[in-house]
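Encoded as structure tokens, the structure appears first; notes follow it.
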Amino acid sequence: MMRFALSLARREFVRFIRQPQRVVGSIGQPLLFWAFLGAGLTPSFNPPGMEGMTYLEYFYPGVLMMLILFASIFSTITVIEDRDQGFLQGVLVAPVPRLSIVVGKVGGAAAIAMFQALILLIAAPFIGLMPGLAGSLMVVAALALTSLGFAGLGFSIAWTMKSTAGFHAIMMVFLFPLWLLSGALFPMTNVPGWLNVVMTINPVTHALNVVRGPFYGAPGTLFSSGEWLTSLTVLLAWVVLVLWLSVKRVNKREMGAKPTAATA
């Protein structure tokens with residue numbers, strides 16, 4: 001099963017690397033977004049408790065989250081493409097557990113997202129974010145966990161879609177608000193009560209908290225912080241949930257037409 005899953009994951013990653021324009025576009029867009037918004041909003045950015053922090057610094061974890069979110073989910077669009085090209089049908093009839101399909105496709109999408117995120121992490125020291133070796137490993141682990149969650153979400157939705165256009169439409173309507181209301185663009189302090197509730201129940205908010213924590217706190221401090229541990233628990237539960245939904249969806253057989261009296 002693992003050999004088959006690794007083959008699928010490798011296929012997804014090679015597919016991505018062999019499209020240079022896709023690689024450049026997926027990394028360049030978040031970088032431009034970060035640079036322009038960061039430079040434009042820094043003069044007016046002065047929330048309570050964050051004095052002296054530039055918007056470039058505040059927005060950096062949010063850009064990492066944006067990259068992970070969109071790269072993970074849109075990489076799973078290959079599920080629809082593989083179905084249209086007949087590849088997925090061949091995979092489904094192969095004598096392997098269907099769990100390997102989920103592991104391979106989700107793992108490949110997560111690997112693509114992590115490849116891009118690791119490149120963007122090179123910019124961290126240039127804005128004063130140097131978490132140290134242990135903190136850096138925690139950031140990478142948090143990003144990997146988040147990418148698995150987003151890839152699992154994208155897979156479970158793509159599996160039911162019939163066209164890439166429909167997938168793009170649903171993802172943009174569904175995903176962008178998740179990212180906007182995660183604290184990536186603005187802090188949760190002083191927001192209206194109803195908005196605070198929405199941001200609190202948003203799993204992307206907790207994923208961002210887990211990623212942002214190691215940039216500012218030592219590992220020992222974070223593991224004794226109730227707020228950070230709560231976000232970590234929510235993130236883990238959310239990842240397990242979406243992966244379980246993906247496996248359940250793949251294992252569900254499509255219902256065929258009922259036999260008629262003539263064919264019975």
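For the structure tokens, the naming scheme is as follows: chains receive sequential letters (A, B, ...) according to their order of presentation, residues are indexed from 1 within each chain, and ligands are indexed from 1 in presentation order.
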
Q. If we count only C-alpha atoms, what is near region 61-74 of chain A at a cut-off of 6 Å, once residues fewer than 4 positions away on the same chain are taken out, given as an NGL selection string?
A. :A and (109-110 or 113 or 147 or 150-151 or 154 or 184 or 212)

Q.
Taking only C-alpha atoms into account, name the residue in A:Leu133, A:Ala35, A:Val139, A:Val210 that is nearest to Gly226 (chain A).
A.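 Of A:Leu133, A:Ala35, A:Val139, A:Val210, the one nearest Gly226 (chain A) is A:Val210, counting only C-alpha atoms.
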
Q.
Show me, as a list in words, the residues that have an atom within 7 Å of Thr205 (chain A) when counting only C-alpha atoms, minus same-chain residues fewer than 6 positions from it.
A.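 What passes the distance filter is Ser182, Gly183 and Met199 of chain A.
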
(Q) Here is a test: counting only C-alpha atoms, which residue of A:Gly217, A:Tyr55, A:Ile157, A:Asn190 is nearest to Leu37 (chain A)? (A)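 Using only C-alpha atoms, the shortest distance to Leu37 (chain A) belongs to A:Tyr55.
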
Q.
What does the structure give for the distance between CA of Thr146 (chain A) and CA of Pro203 (chain A), in Å to one decimal?
A.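 That distance, rounded to one decimal, is 9.9 Å.
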
**Q.** Shortest interatomic distance to Arg11 (chain A) - which of A:Leu41, A:Leu195, A:Ala111, A:Leu56, counting only C-alpha atoms
**A.**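 Looking at the shortest contact to Arg11 (chain A), the residue is A:Ala111.
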
Q | Test item: residues at most 12 Å from Pro219 (chain A), only C-alpha atoms, excluding those fewer than 5 positions along its chain, as a VMD selection string | A | chain A and resid 131 to 139 210 213 to 214 224 to 225 228 to 229

Skip region 235-243 of chain A itself and residues of its chain fewer than 5 positions away, then list as a PDB file with N, CA and C atoms, in the first residue's frame all residues within 6 Å of it, counting only C-alpha atoms.
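The new file selection02.pdb reads:
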ATOM      1  N   GLY A 149      -4.029  18.930   6.335  1.00  0.00           N
ATOM      2  CA  GLY A 149      -5.435  19.247   6.556  1.00  0.00           C
ATOM      3  C   GLY A 149      -6.073  19.890   5.335  1.00  0.00           C
ATOM      4  N   GLY A 152      -6.326  17.369   2.471  1.00  0.00           N
ATOM      5  CA  GLY A 152      -7.431  16.447   2.715  1.00  0.00           C
ATOM      6  C   GLY A 152      -8.780  17.085   2.425  1.00  0.00           C
ATOM      7  N   LEU A 153      -8.920  18.362   2.792  1.00  0.00           N
ATOM      8  CA  LEU A 153     -10.162  19.078   2.502  1.00  0.00           C
ATOM      9  C   LEU A 153     -10.361  19.210   0.992  1.00  0.00           C
ATOM     10  N   ALA A 207      -4.836  27.128  13.039  1.00  0.00           N
ATOM     11  CA  ALA A 207      -3.632  26.717  12.302  1.00  0.00           C
ATOM     12  C   ALA A 207      -2.624  27.860  12.250  1.00  0.00           C
TER      13      ALA A 207
END

(Q) I need the residue nearest Val23 (chain A) from this list: A:Met50, A:Ile112, A:Val93, A:Met2. Use only C-alpha atoms for the distance. (A)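 Closest to Val23 (chain A) of all the choices is A:Ile112.
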
Q: For each of A:Ser75, A:Pro95, A:Ile122, A:Ala165, take the minimum atom-to-atom distance to Arg15 (chain A), counting only C-alpha atoms, then give the residue where this is smallest.
A: A:Ser75

(Q) Taking 3 positions as the minimum chain separation for residues in the same chain, which residues sit within 9 Å of Leu129 (chain A) when counting only C-alpha atoms? Answer as a VMD selection string. (A) chain A and resid 57 123 to 126 215 to 216

Q. Of the residues A:Gly166, A:Gly52, A:Val234, A:Leu99, which is the one nearest to Ile201 (chain A), using only C-alpha atoms?
A.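 Answer, going by the shortest atom-to-atom distance: A:Val234.
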
(Q) Please compute the CA of Phe59 (chain A)-CA of Phe223 (chain A) distance, one decimal, in Å. (A)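 For CA of Phe59 (chain A) relative to CA of Phe223 (chain A), the distance reads 23.7 Å.
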
Q: Please provide as a ChimeraX atom specification all residues within 12 Å of Ile170 (chain A), with the sequence filter that same-chain residues fewer than 2 positions apart are discarded (counting only C-alpha atoms).
A: /A:73-74,77,154,157-158,160-161,163-168,172-177

(Q) Going by DSSP on the backbone, which residues of region 126-243 of chain A come out as alpha helix (DSSP H)? List them as a ChimeraX atom specification. (A) /A:132-158,164-180,193-201,203-216,219-222,226-243

Okay, now the selection with C-alpha atoms, as an mmCIF file, in the first residue's frame?
data_model
loop_
_atom_site.group_PDB
_atom_site.id
_atom_site.type_symbol
_atom_site.label_atom_id
_atom_site.label_comp_id
_atom_site.auth_asym_id
_atom_site.auth_seq_id
_atom_site.Cartn_x
_atom_site.Cartn_y
_atom_site.Cartn_z
ATOM 1 C CA GLY A 132 16.157 29.109 16.398
ATOM 2 C CA LEU A 133 16.575 25.465 15.463
ATOM 3 C CA ALA A 134 13.850 24.050 17.726
ATOM 4 C CA GLY A 135 11.434 26.833 16.812
ATOM 5 C CA SER A 136 12.165 26.399 13.092
ATOM 6 C CA LEU A 137 11.436 22.680 13.342
ATOM 7 C CA MET A 138 8.159 23.490 15.083
ATOM 8 C CA VAL A 139 7.218 25.932 12.313
ATOM 9 C CA VAL A 140 7.966 23.317 9.652
ATOM 10 C CA ALA A 141 5.982 20.669 11.556
ATOM 11 C CA ALA A 142 3.025 23.053 11.960
ATOM 12 C CA LEU A 143 3.090 23.892 8.242
ATOM 13 C CA ALA A 144 3.267 20.194 7.328
ATOM 14 C CA LEU A 145 0.313 19.386 9.567
ATOM 15 C CA THR A 146 -1.670 22.296 8.135
ATOM 16 C CA SER A 147 -0.887 21.286 4.560
ATOM 17 C CA LEU A 148 -2.196 17.776 5.233
ATOM 18 C CA GLY A 149 -5.435 19.247 6.556
ATOM 19 C CA PHE A 150 -5.943 21.545 3.579
ATOM 20 C CA ALA A 151 -4.974 18.833 1.081
ATOM 21 C CA GLY A 152 -7.431 16.447 2.715
ATOM 22 C CA LEU A 153 -10.162 19.078 2.502
ATOM 23 C CA GLY A 154 -9.392 19.731 -1.158
ATOM 24 C CA PHE A 155 -9.334 16.011 -1.951
ATOM 25 C CA SER A 156 -12.699 15.324 -0.328
ATOM 26 C CA ILE A 157 -14.304 18.167 -2.300
ATOM 27 C CA ALA A 158 -12.538 17.429 -5.610
ATOM 28 C CA THR A 164 -12.283 21.952 -12.717
ATOM 29 C CA ALA A 165 -14.266 25.166 -13.293
ATOM 30 C CA GLY A 166 -16.769 24.169 -10.612
ATOM 31 C CA PHE A 167 -13.953 23.247 -8.241
ATOM 32 C CA HIS A 168 -12.289 26.643 -8.726
ATOM 33 C CA ALA A 169 -15.574 28.473 -8.138
ATOM 34 C CA ILE A 170 -16.403 26.627 -4.921
ATOM 35 C CA MET A 171 -12.881 26.869 -3.579
ATOM 36 C CA MET A 172 -12.601 30.616 -4.126
ATOM 37 C CA VAL A 173 -15.950 31.298 -2.465
ATOM 38 C CA PHE A 174 -15.183 28.907 0.376
ATOM 39 C CA LEU A 175 -11.441 29.298 0.902
ATOM 40 C CA PHE A 176 -10.814 32.998 0.666
ATOM 41 C CA PRO A 177 -13.154 33.859 3.586
ATOM 42 C CA LEU A 178 -11.477 31.139 5.676
ATOM 43 C CA TRP A 179 -8.128 32.818 5.144
ATOM 44 C CA LEU A 180 -9.420 36.395 5.472
ATOM 45 C CA GLY A 193 -18.252 40.409 18.769
ATOM 46 C CA TRP A 194 -19.894 38.391 15.980
ATOM 47 C CA LEU A 195 -16.696 38.541 13.931
ATOM 48 C CA ASN A 196 -14.642 37.400 16.904
ATOM 49 C CA VAL A 197 -16.902 34.344 17.224
ATOM 50 C CA VAL A 198 -16.542 33.510 13.523
ATOM 51 C CA MET A 199 -12.759 33.849 13.688
ATOM 52 C CA THR A 200 -12.588 31.746 16.859
ATOM 53 C CA ILE A 201 -14.422 28.771 15.315
ATOM 54 C CA PRO A 203 -9.909 26.150 11.959
ATOM 55 C CA VAL A 204 -7.560 28.290 9.858
ATOM 56 C CA THR A 205 -7.327 30.739 12.780
ATOM 57 C CA HIS A 206 -5.998 27.972 15.008
ATOM 58 C CA ALA A 207 -3.632 26.717 12.302
ATOM 59 C CA LEU A 208 -2.238 30.246 11.991
ATOM 60 C CA ASN A 209 -1.811 30.488 15.778
ATOM 61 C CA VAL A 210 0.168 27.243 15.784
ATOM 62 C CA VAL A 211 2.408 28.480 12.953
ATOM 63 C CA ARG A 212 2.877 31.965 14.420
ATOM 64 C CA GLY A 213 3.700 30.774 17.946
ATOM 65 C CA PRO A 214 7.267 29.448 17.390
ATOM 66 C CA PHE A 215 8.321 32.746 15.810
ATOM 67 C CA TYR A 216 7.778 34.536 19.120
ATOM 68 C CA PRO A 219 9.069 25.629 22.654
ATOM 69 C CA GLY A 220 8.859 25.178 26.407
ATOM 70 C CA THR A 221 6.760 28.324 26.760
ATOM 71 C CA LEU A 222 4.392 27.283 23.991
ATOM 72 C CA GLY A 226 -3.188 27.032 27.184
ATOM 73 C CA GLU A 227 -4.090 29.162 24.169
ATOM 74 C CA TRP A 228 -1.435 27.636 21.917
ATOM 75 C CA LEU A 229 -2.215 24.086 23.064
ATOM 76 C CA THR A 230 -5.912 24.684 22.387
ATOM 77 C CA SER A 231 -5.110 25.802 18.842
ATOM 78 C CA LEU A 232 -2.861 22.759 18.366
ATOM 79 C CA THR A 233 -5.657 20.454 19.569
ATOM 80 C CA VAL A 234 -8.175 22.050 17.204
ATOM 81 C CA LEU A 235 -5.720 21.756 14.307
ATOM 82 C CA LEU A 236 -5.024 18.075 15.017
ATOM 83 C CA ALA A 237 -8.744 17.293 15.333
ATOM 84 C CA TRP A 238 -9.496 19.135 12.098
ATOM 85 C CA VAL A 239 -6.753 17.268 10.177
ATOM 86 C CA VAL A 240 -8.005 13.903 11.448
ATOM 87 C CA LEU A 241 -11.584 14.846 10.524
ATOM 88 C CA VAL A 242 -10.873 15.876 6.921
ATOM 89 C CA LEU A 243 -8.641 12.848 6.310
#
